[in-house]
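Structure below is target34.cif: mmCIF, C-alpha atoms.
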```cif
data_query
loop_
_atom_site.label_atom_id
_atom_site.label_comp_id
_atom_site.auth_asym_id
_atom_site.auth_seq_id
_atom_site.Cartn_x
_atom_site.Cartn_y
_atom_site.Cartn_z
CA MET A 45 -12.34 2.80 -23.25
CA GLY A 46 -9.46 0.34 -23.33
CA SER A 47 -8.76 -1.39 -20.07
CA ALA A 48 -5.35 -2.77 -20.86
CA PRO A 49 -2.51 -0.31 -20.24
CA ALA A 50 -0.26 0.35 -23.20
CA SER A 51 3.13 -0.26 -21.66
CA ASP A 52 4.58 -3.74 -21.20
CA ASP A 53 6.24 -2.64 -17.98
CA VAL A 54 2.85 -2.48 -16.36
CA TYR A 55 2.84 -6.21 -15.75
CA LEU A 56 4.85 -8.25 -13.30
CA ARG A 57 7.55 -10.54 -14.51
CA PRO A 58 6.12 -14.05 -14.92
CA THR A 59 8.70 -15.35 -12.45
CA VAL A 60 7.47 -13.20 -9.56
CA LYS A 61 6.24 -15.43 -6.74
CA THR A 62 6.20 -13.25 -3.66
CA ALA A 63 4.82 -9.78 -3.04
CA VAL A 64 5.55 -7.84 0.12
CA LYS A 65 4.46 -4.41 1.24
CA LEU A 66 5.86 -1.50 3.15
CA LEU A 67 3.90 1.55 4.19
CA VAL A 68 4.92 5.15 3.66
CA VAL A 69 2.95 7.20 6.14
CA GLY A 70 2.88 10.71 7.49
CA HIS A 71 0.70 13.75 7.81
CA PHE A 72 -0.84 15.80 5.00
CA ALA A 73 1.63 17.15 2.41
CA VAL A 74 4.69 15.57 3.98
CA GLY A 75 5.82 14.06 0.67
CA LYS A 76 4.33 10.54 0.66
CA THR A 77 3.13 10.74 -2.93
CA THR A 78 6.47 12.14 -4.06
CA PHE A 79 8.38 9.42 -2.22
CA VAL A 80 6.30 6.61 -3.73
CA GLY A 81 6.54 8.19 -7.18
CA THR A 82 10.31 8.58 -6.96
CA LEU A 83 10.87 4.88 -6.25
CA SER A 84 8.11 3.22 -8.24
CA GLU A 85 8.93 1.46 -11.50
CA ILE A 86 5.34 1.90 -12.64
CA ARG A 87 3.40 5.10 -12.91
CA PRO A 88 2.13 5.44 -9.34
CA LEU A 89 -1.46 4.43 -8.94
CA ARG A 90 -4.12 5.86 -6.74
CA THR A 91 -7.32 4.44 -5.40
CA GLU A 92 -10.07 6.30 -3.69
CA GLU A 93 -13.14 5.25 -1.87
CA VAL A 94 -15.88 7.26 -0.35
CA MET A 95 -16.63 6.25 3.22
CA THR A 96 -19.55 7.09 5.38
CA GLN A 97 -18.08 7.96 8.72
CA ALA A 98 -21.09 6.67 10.59
CA GLY A 99 -19.85 3.22 9.71
CA ALA A 100 -16.45 3.84 11.23
CA VAL A 101 -15.51 2.99 14.77
CA VAL A 102 -15.39 6.52 16.05
CA ASP A 103 -17.01 7.05 19.41
CA ASP A 104 -18.12 10.62 19.01
CA LEU A 105 -19.84 9.81 15.76
CA ALA A 106 -21.74 6.82 17.12
CA GLY A 107 -25.41 7.51 17.00
CA THR A 108 -25.00 10.44 14.66
CA ARG A 109 -27.89 10.57 12.27
CA ASP A 110 -26.24 12.69 9.63
CA LYS A 111 -23.70 10.58 7.87
CA THR A 112 -20.69 12.53 6.78
CA THR A 113 -18.78 11.15 3.85
CA THR A 114 -15.06 11.33 3.49
CA THR A 115 -12.75 10.30 0.70
CA VAL A 116 -10.10 7.81 1.62
CA ALA A 117 -7.17 7.75 -0.77
CA MET A 118 -4.06 5.69 -1.13
CA ASP A 119 -1.11 6.08 -3.49
CA PHE A 120 1.04 3.14 -4.31
CA GLY A 121 3.92 2.03 -6.42
CA ARG A 122 5.97 -1.05 -7.16
CA LEU A 123 9.62 -2.10 -7.12
CA THR A 124 10.69 -5.43 -8.54
CA LEU A 125 13.57 -6.50 -6.31
CA ASN A 126 14.60 -9.70 -8.05
CA ASP A 127 13.12 -12.27 -10.42
CA SER A 128 10.77 -13.67 -7.82
CA LEU A 129 10.17 -10.84 -5.35
CA VAL A 130 8.26 -7.60 -5.71
CA LEU A 131 7.84 -4.83 -3.17
CA TYR A 132 4.78 -2.60 -3.06
CA LEU A 133 4.88 0.78 -1.35
CA PHE A 134 1.58 2.10 -0.04
CA GLY A 135 1.30 5.72 0.95
CA ALA A 136 -1.55 7.00 3.08
CA PRO A 137 -2.18 9.40 5.92
CA GLY A 138 -2.60 7.95 9.40
CA GLN A 139 -5.90 9.61 10.18
CA GLN A 140 -7.51 6.97 8.00
CA ARG A 141 -6.83 4.45 10.71
CA PHE A 142 -10.45 3.41 11.17
CA THR A 143 -11.08 2.66 7.55
CA LYS A 144 -11.13 -0.66 5.77
CA LEU A 145 -8.52 0.56 3.33
CA TRP A 146 -6.09 1.33 6.15
CA GLN A 147 -6.67 -2.15 7.58
CA ASP A 148 -6.00 -3.64 4.16
CA MET A 149 -2.79 -1.65 3.90
CA THR A 150 -1.41 -2.54 7.29
CA ARG A 151 -2.36 -6.21 7.34
CA GLY A 152 0.71 -8.26 6.51
CA ALA A 153 2.91 -5.19 5.99
CA LEU A 154 6.55 -5.68 6.90
CA GLY A 155 6.84 -2.24 8.46
CA ALA A 156 6.42 1.45 7.85
CA LEU A 157 8.48 4.46 6.97
CA VAL A 158 7.20 7.59 8.69
CA LEU A 159 7.95 10.73 6.73
CA ALA A 160 8.36 13.79 8.93
CA ASP A 161 8.70 17.50 8.23
CA THR A 162 10.85 19.57 10.61
CA ARG A 163 8.39 22.47 10.27
CA ARG A 164 5.61 20.33 11.70
CA LEU A 165 7.19 17.62 13.79
CA SER A 166 4.28 17.41 16.20
CA HIS A 167 2.02 16.41 13.31
CA SER A 168 3.85 13.08 13.18
CA PHE A 169 2.78 11.95 16.66
CA ASP A 170 -0.62 10.85 15.50
CA VAL A 171 0.60 8.47 12.83
CA MET A 172 3.39 7.13 15.05
CA GLY A 173 0.77 6.41 17.70
CA VAL A 174 -1.33 4.47 15.21
CA LEU A 175 1.65 2.33 14.19
CA GLU A 176 2.48 1.62 17.83
CA GLU A 177 -1.11 0.56 18.50
CA LEU A 178 -0.82 -1.84 15.57
CA ASP A 179 2.59 -3.03 16.75
CA LEU A 180 3.94 -2.26 13.31
CA PRO A 181 7.67 -1.46 13.42
CA TYR A 182 8.75 1.79 11.80
CA ALA A 183 11.66 4.03 10.96
CA VAL A 184 11.44 7.80 10.61
CA ALA A 185 12.79 9.76 7.67
CA VAL A 186 12.93 13.54 7.84
CA ASN A 187 11.99 14.76 4.39
CA ASP A 188 14.25 17.74 3.76
CA PHE A 189 12.17 20.56 2.35
CA ASP A 190 13.88 23.57 0.89
CA GLY A 191 13.73 26.35 3.42
CA ALA A 192 12.75 24.11 6.32
CA PRO A 193 14.75 24.61 9.51
CA VAL A 194 17.66 22.20 9.69
CA HIS A 195 17.74 20.53 13.06
CA GLY A 196 20.31 18.01 14.16
CA LEU A 197 18.92 14.50 14.09
CA ASP A 198 19.52 14.30 17.86
CA GLU A 199 17.15 17.20 18.34
CA VAL A 200 14.58 15.63 16.07
CA ARG A 201 14.88 12.32 17.90
CA GLU A 202 14.24 14.07 21.17
CA ALA A 203 11.35 16.12 19.79
CA LEU A 204 9.70 12.99 18.40
CA ASP A 205 10.45 11.03 21.56
CA LEU A 206 11.76 8.08 19.56
CA LEU A 207 13.03 4.89 21.12
CA PRO A 208 16.82 4.63 20.97
CA GLU A 209 16.62 1.76 18.47
CA THR A 210 14.17 3.45 16.08
CA PRO A 211 16.11 4.47 12.98
CA LEU A 212 16.04 8.16 12.11
CA VAL A 213 17.43 9.37 8.81
CA ARG A 214 17.23 12.33 6.49
CA CYS A 215 15.94 11.93 3.00
CA ASP A 216 14.95 13.87 -0.05
CA ALA A 217 11.75 12.31 -1.35
CA ARG A 218 12.55 13.61 -4.84
CA ASP A 219 15.85 11.74 -4.99
CA PRO A 220 15.83 8.00 -5.79
CA GLU A 221 19.11 7.22 -4.05
CA SER A 222 18.23 9.14 -0.92
CA SER A 223 14.76 7.57 -0.79
CA THR A 224 16.17 4.08 -1.36
CA ARG A 225 18.61 4.62 1.52
CA ALA A 226 15.71 5.55 3.79
CA LEU A 227 13.97 2.28 2.94
CA ILE A 228 17.21 0.38 3.51
CA SER A 229 17.45 1.83 7.03
CA LEU A 230 13.94 0.61 7.70
CA VAL A 231 14.55 -2.91 6.39
CA GLU A 232 17.90 -3.22 8.22
CA TYR A 233 16.00 -2.38 11.38
CA LEU A 234 13.26 -4.92 10.63
CA LEU A 235 15.89 -7.56 10.01
CA SER A 236 17.73 -6.80 13.25
CA ARG A 237 14.49 -7.12 15.19
CA GLU A 238 13.79 -10.42 13.50
CA SER A 239 17.27 -11.77 14.28
CA GLU A 240 16.86 -10.79 17.92
CA SER A 241 13.54 -12.51 18.26
CA GLU A 242 14.95 -15.62 16.61
CA LEU A 243 17.79 -15.66 19.12
CA GLU A 244 15.29 -15.33 21.94
CA HIS A 245 13.34 -18.28 20.67
CA ALA A 246 16.40 -20.39 19.94
CA MET B 68 -2.58 16.92 -3.10
CA THR B 69 -4.12 15.43 -6.20
CA PRO B 70 -7.53 16.93 -6.88
CA ARG B 71 -10.44 14.61 -6.61
CA ARG B 72 -12.04 13.80 -9.89
CA ARG B 73 -14.78 11.59 -11.07
CA PRO B 74 -13.05 8.71 -12.78
CA GLU B 75 -14.06 8.61 -16.40
CA GLY B 76 -14.62 4.89 -16.41
CA ARG B 77 -17.15 4.93 -13.62
CA LEU B 78 -20.54 5.52 -15.11
CA VAL B 79 -22.39 3.29 -12.71
CA ARG B 80 -22.50 3.21 -8.96
CA SER B 81 -20.31 0.74 -7.11
CA TYR B 82 -23.22 -1.23 -5.72
CA VAL B 83 -24.54 -1.87 -9.23
CA VAL B 84 -21.18 -3.26 -10.30
CA THR B 85 -21.18 -5.71 -7.40
CA ASP B 86 -24.89 -6.61 -7.59
CA GLY B 87 -25.44 -4.78 -4.34
CA ARG B 88 -22.87 -6.67 -2.33
CA ALA B 89 -20.38 -4.96 -0.06
CA HIS B 90 -18.33 -8.03 0.79
CA PRO B 91 -16.43 -10.48 -1.37
CA THR B 92 -17.26 -14.19 -1.28
CA ARG B 93 -13.89 -14.89 0.30
CA ASN B 94 -11.77 -12.89 2.69
CA THR B 95 -8.35 -14.11 1.70
CA LEU B 96 -7.77 -11.29 -0.76
CA ASP B 97 -5.02 -8.88 0.12
CA LEU B 98 -3.88 -5.71 -1.63
CA VAL B 99 -0.77 -7.57 -2.79
CA THR B 100 -2.45 -10.83 -3.77
CA LEU B 101 -1.18 -11.50 -7.28
CA LEU B 102 -3.89 -12.17 -9.84
CA ILE B 103 -3.46 -14.33 -12.91
CA ALA B 104 -6.20 -14.61 -15.51
CA ALA B 105 -7.14 -17.95 -17.02
CA THR B 106 -6.73 -17.72 -20.76
CA ASP B 107 -8.93 -20.64 -21.74
CA LEU B 108 -12.28 -19.55 -20.34
CA PRO B 109 -14.81 -17.55 -22.36
CA LEU B 110 -15.87 -14.16 -21.02
CA THR B 111 -19.49 -14.69 -21.95
CA GLY B 112 -21.86 -14.03 -19.12
CA LEU B 113 -19.48 -11.72 -17.28
CA ASN B 114 -20.70 -8.21 -16.54
CA PRO B 115 -18.76 -5.33 -18.12
CA GLU B 116 -16.68 -4.63 -15.01
CA LYS B 117 -15.60 -8.26 -14.69
CA ARG B 118 -14.73 -8.25 -18.37
CA ARG B 119 -12.55 -5.21 -17.78
CA VAL B 120 -10.77 -7.04 -14.96
CA MET B 121 -10.17 -9.99 -17.26
CA GLU B 122 -8.98 -7.85 -20.16
CA LEU B 123 -6.59 -6.03 -17.86
CA CYS B 124 -5.20 -9.21 -16.33
CA ARG B 125 -4.84 -11.36 -19.43
CA PRO B 126 -1.49 -9.96 -20.64
CA GLY B 127 0.23 -10.61 -17.31
CA ALA B 128 0.08 -10.80 -13.53
CA LEU B 129 -0.91 -7.81 -11.40
CA SER B 130 -1.65 -7.27 -7.74
CA LEU B 131 -5.20 -6.63 -6.60
CA ALA B 132 -4.27 -3.06 -5.71
CA GLU B 133 -2.95 -2.45 -9.22
CA VAL B 134 -6.14 -3.79 -10.77
CA ALA B 135 -8.16 -1.38 -8.62
CA GLY B 136 -5.85 1.48 -9.57
CA HIS B 137 -5.85 0.81 -13.31
CA LEU B 138 -9.61 0.35 -13.48
CA GLN B 139 -10.23 3.28 -11.13
CA LEU B 140 -12.42 1.15 -8.95
CA PRO B 141 -12.46 1.21 -5.15
CA VAL B 142 -10.49 -1.64 -3.58
CA SER B 143 -13.64 -2.91 -1.84
CA VAL B 144 -15.46 -3.22 -5.18
CA THR B 145 -12.46 -4.81 -6.86
CA LYS B 146 -12.33 -7.47 -4.16
CA VAL B 147 -15.93 -8.44 -4.76
CA LEU B 148 -15.35 -8.70 -8.52
CA VAL B 149 -12.13 -10.68 -8.16
CA ALA B 150 -13.64 -13.08 -5.64
CA ASP B 151 -16.45 -13.83 -8.08
CA LEU B 152 -13.94 -14.37 -10.87
CA MET B 153 -12.05 -16.77 -8.63
CA ASP B 154 -15.26 -18.65 -7.91
CA SER B 155 -15.89 -19.05 -11.63
CA GLY B 156 -12.30 -20.08 -12.32
CA HIS B 157 -11.46 -17.00 -14.38
CA ILE B 158 -8.80 -15.77 -12.00
CA VAL B 159 -6.27 -17.71 -9.98
CA THR B 160 -4.19 -16.09 -7.28
CA ARG B 161 -0.74 -16.36 -5.94
CA ALA B 162 -1.29 -15.75 -2.26
CA PRO B 163 0.84 -13.20 -0.42
CA ILE B 164 3.10 -14.54 2.29
CA PRO B 165 0.94 -15.51 5.26
CA ALA B 166 0.06 -12.48 7.34
CA ALA B 167 0.92 -14.41 10.48
CA ARG B 168 4.60 -14.42 9.60
CA PRO B 169 5.25 -11.35 7.52
CA SER B 170 8.69 -10.65 8.91
CA ASP B 171 10.41 -13.80 7.87
CA ALA B 172 14.14 -13.11 8.08
CA ARG B 173 14.84 -14.66 4.71
CA ILE B 174 12.32 -12.41 2.95
CA LEU B 175 13.63 -9.34 4.76
CA GLN B 176 17.17 -10.21 3.71
CA GLU B 177 16.00 -10.55 0.11
CA VAL B 178 14.25 -7.19 0.29
CA LEU B 179 17.38 -5.62 1.73
CA ASP B 180 19.62 -7.12 -0.95
CA GLY B 181 17.23 -5.98 -3.64
CA LEU B 182 17.17 -2.42 -2.35
CA ARG B 183 20.95 -2.26 -1.94
CA ALA B 184 21.37 -3.46 -5.52
CA ARG B 185 19.48 -0.37 -6.70
CA LEU B 186 22.05 2.05 -5.33
#
```

Could you show the structure in this file as structure tokens?
Amino acid sequence: MGSAPASDDVYLRPTVKTAVKLLVVGHFAVGKTTFVGTLSEIRPLRTEEVMTQAGAVVDDLAGTRDKTTTTVAMDFGRLTLNDSLVLYLFGAPGQQRFTKLWQDMTRGALGALVLADTRRLSHSFDVMGVLEELDLPYAVAVNDFDGAPVHGLDEVREALDLLPETPLVRCDARDPESSTRALISLVEYLLSRESESELEHA
Amino acid sequence: MTPRRRPEGRLVRSYVVTDGRAHPTRNTLDLVTLLIAATDLPLTGLNPEKRRVMELCRPGALSLAEVAGHLQLPVSVTKVLVADLMDSGHIVTRAPIPAARPSDARILQEVLDGLRARL
């Protein structure tokens, strides 16, 4: 049972000083794992932990004697952006919001990319609500599935009730360029928010 | 969805690995805290799981999340192990940017430039 992975690429460059994280969130089977895998320079990793729900802050479970266990999972990958900066992408479903792992993921994150599926747009409300509660800025990327109805982005924006400034793009989670462009839209948005707040405080 | 499997490396329960503790000795550890193993300290006295962390980390730096992923250990367990290894001087960390100011414009610009360069 060797612990050390075989490939040299597993390790960070010695010059890396800063690590930042972005979240890739969305409902079940929306393409989070694919998205992370498409962009990651390392084989995407996965961690799982078994939680007892009685320990979670869920009102209707408080006082429940029978503990139900649930598996919390997270997929993640890595992109080295320059000699000193590395970006981690963490993918997880939003219904894990009450878990420690979700708190770990969101703490210190720059922002989130919400993946949405036009066949199940309403499924995205839950995760968007969680991000808003956390005050974590996000952009939305419609993952184009073969055979899914093609709606205009205006229609999607209306259906998702997005703020006018929230970026909304299409992407193909299997395609590196398309997925990179989706992340760029998110980071451009984060940067514009930051510039605005700096102006306000100037 | 990836099917759930019992990770091959996990023959003992999590609480045995951590001596029954659920919380690390320090709470500064983040998923993206970068871990660097000291090369000059002997591994004698470390339990097998801590040895595995050290063996994994010796060739180069990794984030805490990656260590958990490679060793197929839950993040919560990994934090306890890493915190102990920090206490004993086996692991040093490069802290993530302070959570209070994650959206520093300079960092965001660097992220943006890095992503654009990939196109």

Using all atoms listed in the file, what does the table of chain A residues within 8 Å of chain B look like, with each row giving the shortest atom pair and its distance in Å to one decimal, sorted by chain and ascending number, as a tab-separated table?
```
residue	atom	partner	partner_atom	distance
A:Met45	CA	B:Gly76	CA	7.5
A:Ser47	CA	B:Leu123	CA	5.6
A:Ala48	CA	B:Leu123	CA	4.6
A:Pro49	CA	B:Leu123	CA	7.4
A:Tyr55	CA	B:Gly127	CA	5.3
A:Leu56	CA	B:Ala128	CA	5.4
A:Arg57	CA	B:Ala128	CA	7.5
A:Pro58	CA	B:Ala128	CA	7.0
A:Lys61	CA	B:Arg161	CA	7.1
A:Thr62	CA	B:Pro163	CA	6.3
A:Ala63	CA	B:Pro163	CA	5.9
A:Val64	CA	B:Val99	CA	7.0
A:Lys65	CA	B:Val99	CA	7.3
A:Ala73	CA	B:Met68	CA	6.9
A:Leu89	CA	B:Gly136	CA	5.3
A:Arg90	CA	B:Gly136	CA	5.5
A:Thr91	CA	B:Gly136	CA	5.3
A:Glu92	CA	B:Pro141	CA	5.8
A:Glu93	CA	B:Pro141	CA	5.2
A:Leu125	CA	B:Gly181	CA	4.6
A:Asn126	CA	B:Gly181	CA	6.3
A:Leu129	CA	B:Val178	CA	7.9
A:Leu131	CA	B:Val178	CA	7.7
A:Tyr132	CA	B:Val99	CA	7.5
A:Leu145	CA	B:Val142	CA	7.5
A:Asp148	CA	B:Leu98	CA	6.5
A:Met149	CA	B:Leu98	CA	6.9
A:Arg151	CA	B:Ala166	CA	6.7
A:Gly152	CA	B:Ala166	CA	4.3
A:Ala153	CA	B:Pro169	CA	6.8
A:Leu154	CA	B:Ser170	CA	5.8
A:Glu221	CA	B:Leu186	CA	6.1
A:Thr224	CA	B:Leu182	CA	6.7
A:Leu227	CA	B:Leu182	CA	7.8
A:Ile228	CA	B:Leu179	CA	6.3
A:Val231	CA	B:Leu179	CA	6.1
A:Glu232	CA	B:Leu179	CA	6.9
A:Leu234	CA	B:Leu175	CA	7.4
A:Leu235	CA	B:Leu175	CA	6.0
A:Glu238	CA	B:Ala172	CA	6.1
A:Ser239	CA	B:Ala172	CA	7.1
```

Okay, now the selection with C-alpha atoms, as a compact mmCIF listing (two decimals), keeping the file's coordinate frame?
```
# COMPACT_ATOMS: atom_id res chain seq x y z
CA MET A 45 -12.34 2.80 -23.25
CA SER A 47 -8.76 -1.39 -20.07
CA ALA A 48 -5.35 -2.77 -20.86
CA PRO A 49 -2.51 -0.31 -20.24
CA TYR A 55 2.84 -6.21 -15.75
CA LEU A 56 4.85 -8.25 -13.30
CA ARG A 57 7.55 -10.54 -14.51
CA PRO A 58 6.12 -14.05 -14.92
CA LYS A 61 6.24 -15.43 -6.74
CA THR A 62 6.20 -13.25 -3.66
CA ALA A 63 4.82 -9.78 -3.04
CA VAL A 64 5.55 -7.84 0.12
CA LYS A 65 4.46 -4.41 1.24
CA ALA A 73 1.63 17.15 2.41
CA LEU A 89 -1.46 4.43 -8.94
CA ARG A 90 -4.12 5.86 -6.74
CA THR A 91 -7.32 4.44 -5.40
CA GLU A 92 -10.07 6.30 -3.69
CA GLU A 93 -13.14 5.25 -1.87
CA LEU A 125 13.57 -6.50 -6.31
CA ASN A 126 14.60 -9.70 -8.05
CA LEU A 129 10.17 -10.84 -5.35
CA LEU A 131 7.84 -4.83 -3.17
CA TYR A 132 4.78 -2.60 -3.06
CA LEU A 145 -8.52 0.56 3.33
CA ASP A 148 -6.00 -3.64 4.16
CA MET A 149 -2.79 -1.65 3.90
CA ARG A 151 -2.36 -6.21 7.34
CA GLY A 152 0.71 -8.26 6.51
CA ALA A 153 2.91 -5.19 5.99
CA LEU A 154 6.55 -5.68 6.90
CA GLU A 221 19.11 7.22 -4.05
CA THR A 224 16.17 4.08 -1.36
CA LEU A 227 13.97 2.28 2.94
CA ILE A 228 17.21 0.38 3.51
CA VAL A 231 14.55 -2.91 6.39
CA GLU A 232 17.90 -3.22 8.22
CA LEU A 234 13.26 -4.92 10.63
CA LEU A 235 15.89 -7.56 10.01
CA GLU A 238 13.79 -10.42 13.50
CA SER A 239 17.27 -11.77 14.28
```

Checklist line | For Ser155 (chain B), the nearest of the candidates B:Thr95, B:Thr111, B:Gly87, B:Leu131, counting all atoms listed in the file | finding: B:Thr111

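CA of Phe72 (chain A) sits 12.7 Å away from CA of Val116 (chain A).
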
Checklist line | Result set of the PyMOL selection byres ((chain A and resi 68) around 8) on the coordinates above, as an MDAnalysis selection string | finding: chainID A and resid 66:67 69:70 76 80 133:136 156:159

Next item on the list: Within 9 Å of Pro211 (chain A), counting only C-alpha atoms, which residues show up once you throw out same-chain ones fewer than 5 positions away? Write them as an MDAnalysis selection string, please.
Entry: chainID A and resid 182:185 206 229:230 233

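CA of Thr115 (chain A) lies 28.2 Å from CA of Asp188 (chain A).
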
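The space separating CA of Gly156 (chain B) from CA of Pro109 (chain B) comes to 10.7 Å.
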
Checklist line | Contacts of Ser168 (chain A) at 7 Å (all atoms listed in the file; same-chain gap of 3+ positions) as an NGL selection string | finding: :A and (70-71 or 160 or 165 or 171-172)

Item checked: Neighbour list for Asp205 (chain A) as a ChimeraX atom specification, cut-off 12 Å, all atoms listed in the file, skip fewer than 2 positions in-chain -> /A:165-166,168-169,172-173,184,197-203,207-210,212

Write out the residues from the selection above, keeping C-alpha atoms, as a PDB file, in the frame of the given file.
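Now in result.pdb:
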```pdb
ATOM      1  CA  LEU A 165       7.190  17.620  13.790  1.00  0.00           C
ATOM      2  CA  SER A 166       4.280  17.410  16.200  1.00  0.00           C
ATOM      3  CA  SER A 168       3.850  13.080  13.180  1.00  0.00           C
ATOM      4  CA  PHE A 169       2.780  11.950  16.660  1.00  0.00           C
ATOM      5  CA  MET A 172       3.390   7.130  15.050  1.00  0.00           C
ATOM      6  CA  GLY A 173       0.770   6.410  17.700  1.00  0.00           C
ATOM      7  CA  VAL A 184      11.440   7.800  10.610  1.00  0.00           C
ATOM      8  CA  LEU A 197      18.920  14.500  14.090  1.00  0.00           C
ATOM      9  CA  ASP A 198      19.520  14.300  17.860  1.00  0.00           C
ATOM     10  CA  GLU A 199      17.150  17.200  18.340  1.00  0.00           C
ATOM     11  CA  VAL A 200      14.580  15.630  16.070  1.00  0.00           C
ATOM     12  CA  ARG A 201      14.880  12.320  17.900  1.00  0.00           C
ATOM     13  CA  GLU A 202      14.240  14.070  21.170  1.00  0.00           C
ATOM     14  CA  ALA A 203      11.350  16.120  19.790  1.00  0.00           C
ATOM     15  CA  LEU A 207      13.030   4.890  21.120  1.00  0.00           C
ATOM     16  CA  PRO A 208      16.820   4.630  20.970  1.00  0.00           C
ATOM     17  CA  GLU A 209      16.620   1.760  18.470  1.00  0.00           C
ATOM     18  CA  THR A 210      14.170   3.450  16.080  1.00  0.00           C
ATOM     19  CA  LEU A 212      16.040   8.160  12.110  1.00  0.00           C
TER      20      LEU A 212
END
```

Item checked: Test item: residues at most 10 Å from Asp219 (chain A), only C-alpha atoms, excluding those fewer than 2 positions along its chain, as a ChimeraX atom specification -> /A:78-79,82-83,215-217,221-224

Note to self: I'd like the neighbourhood of Leu178 (chain A) as a list in words, where a residue qualifies if any of its atoms comes within 10 Å (using only C-alpha atoms), though same-chain residues fewer than 2 positions away should be ignored.
What the structure shows: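 After dropping sequence-adjacent residues, the list is Arg141, Gln147, Thr150, Arg151, Met172, Gly173, Val174, Leu175, Glu176, Leu180 and Pro181 of chain A.
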
Quick one: region 165-181 of chain A with N, CA and C atoms, as an mmCIF file, in the coordinates of the input?
```cif
data_model
loop_
_atom_site.group_PDB
_atom_site.id
_atom_site.type_symbol
_atom_site.label_atom_id
_atom_site.label_comp_id
_atom_site.auth_asym_id
_atom_site.auth_seq_id
_atom_site.Cartn_x
_atom_site.Cartn_y
_atom_site.Cartn_z
ATOM 1 N N LEU A 165 6.853 18.914 13.186
ATOM 2 C CA LEU A 165 7.190 17.620 13.790
ATOM 3 C C LEU A 165 6.053 17.037 14.612
ATOM 4 N N SER A 166 5.338 17.909 15.310
ATOM 5 C CA SER A 166 4.280 17.410 16.200
ATOM 6 C C SER A 166 3.171 16.706 15.419
ATOM 7 N N HIS A 167 3.058 17.047 14.117
ATOM 8 C CA HIS A 167 2.020 16.410 13.310
ATOM 9 C C HIS A 167 2.293 14.915 13.121
ATOM 10 N N SER A 168 3.512 14.483 13.407
ATOM 11 C CA SER A 168 3.850 13.080 13.180
ATOM 12 C C SER A 168 3.427 12.173 14.337
ATOM 13 N N PHE A 169 3.116 12.781 15.485
ATOM 14 C CA PHE A 169 2.780 11.950 16.660
ATOM 15 C C PHE A 169 1.600 11.042 16.386
ATOM 16 N N ASP A 170 0.605 11.599 15.716
ATOM 17 C CA ASP A 170 -0.620 10.850 15.500
ATOM 18 C C ASP A 170 -0.344 9.545 14.746
ATOM 19 N N VAL A 171 0.376 9.654 13.652
ATOM 20 C CA VAL A 171 0.600 8.470 12.830
ATOM 21 C C VAL A 171 1.544 7.487 13.536
ATOM 22 N N MET A 172 2.513 8.022 14.294
ATOM 23 C CA MET A 172 3.390 7.130 15.050
ATOM 24 C C MET A 172 2.590 6.364 16.107
ATOM 25 N N GLY A 173 1.633 7.052 16.709
ATOM 26 C CA GLY A 173 0.770 6.410 17.700
ATOM 27 C C GLY A 173 -0.037 5.274 17.092
ATOM 28 N N VAL A 174 -0.541 5.504 15.894
ATOM 29 C CA VAL A 174 -1.330 4.470 15.210
ATOM 30 C C VAL A 174 -0.466 3.234 14.954
ATOM 31 N N LEU A 175 0.773 3.461 14.487
ATOM 32 C CA LEU A 175 1.650 2.330 14.190
ATOM 33 C C LEU A 175 1.986 1.556 15.457
ATOM 34 N N GLU A 176 2.178 2.295 16.561
ATOM 35 C CA GLU A 176 2.480 1.620 17.830
ATOM 36 C C GLU A 176 1.303 0.792 18.309
ATOM 37 N N GLU A 177 0.092 1.336 18.138
ATOM 38 C CA GLU A 177 -1.110 0.560 18.500
ATOM 39 C C GLU A 177 -1.165 -0.748 17.709
ATOM 40 N N LEU A 178 -0.765 -0.670 16.451
ATOM 41 C CA LEU A 178 -0.820 -1.840 15.570
ATOM 42 C C LEU A 178 0.379 -2.749 15.759
ATOM 43 N N ASP A 179 1.351 -2.283 16.557
ATOM 44 C CA ASP A 179 2.590 -3.030 16.750
ATOM 45 C C ASP A 179 3.340 -3.227 15.434
ATOM 46 N N LEU A 180 3.268 -2.211 14.608
ATOM 47 C CA LEU A 180 3.940 -2.260 13.310
ATOM 48 C C LEU A 180 5.260 -1.480 13.429
ATOM 49 N N PRO A 181 6.397 -2.160 13.248
ATOM 50 C CA PRO A 181 7.670 -1.460 13.420
ATOM 51 C C PRO A 181 7.888 -0.379 12.364
#
```
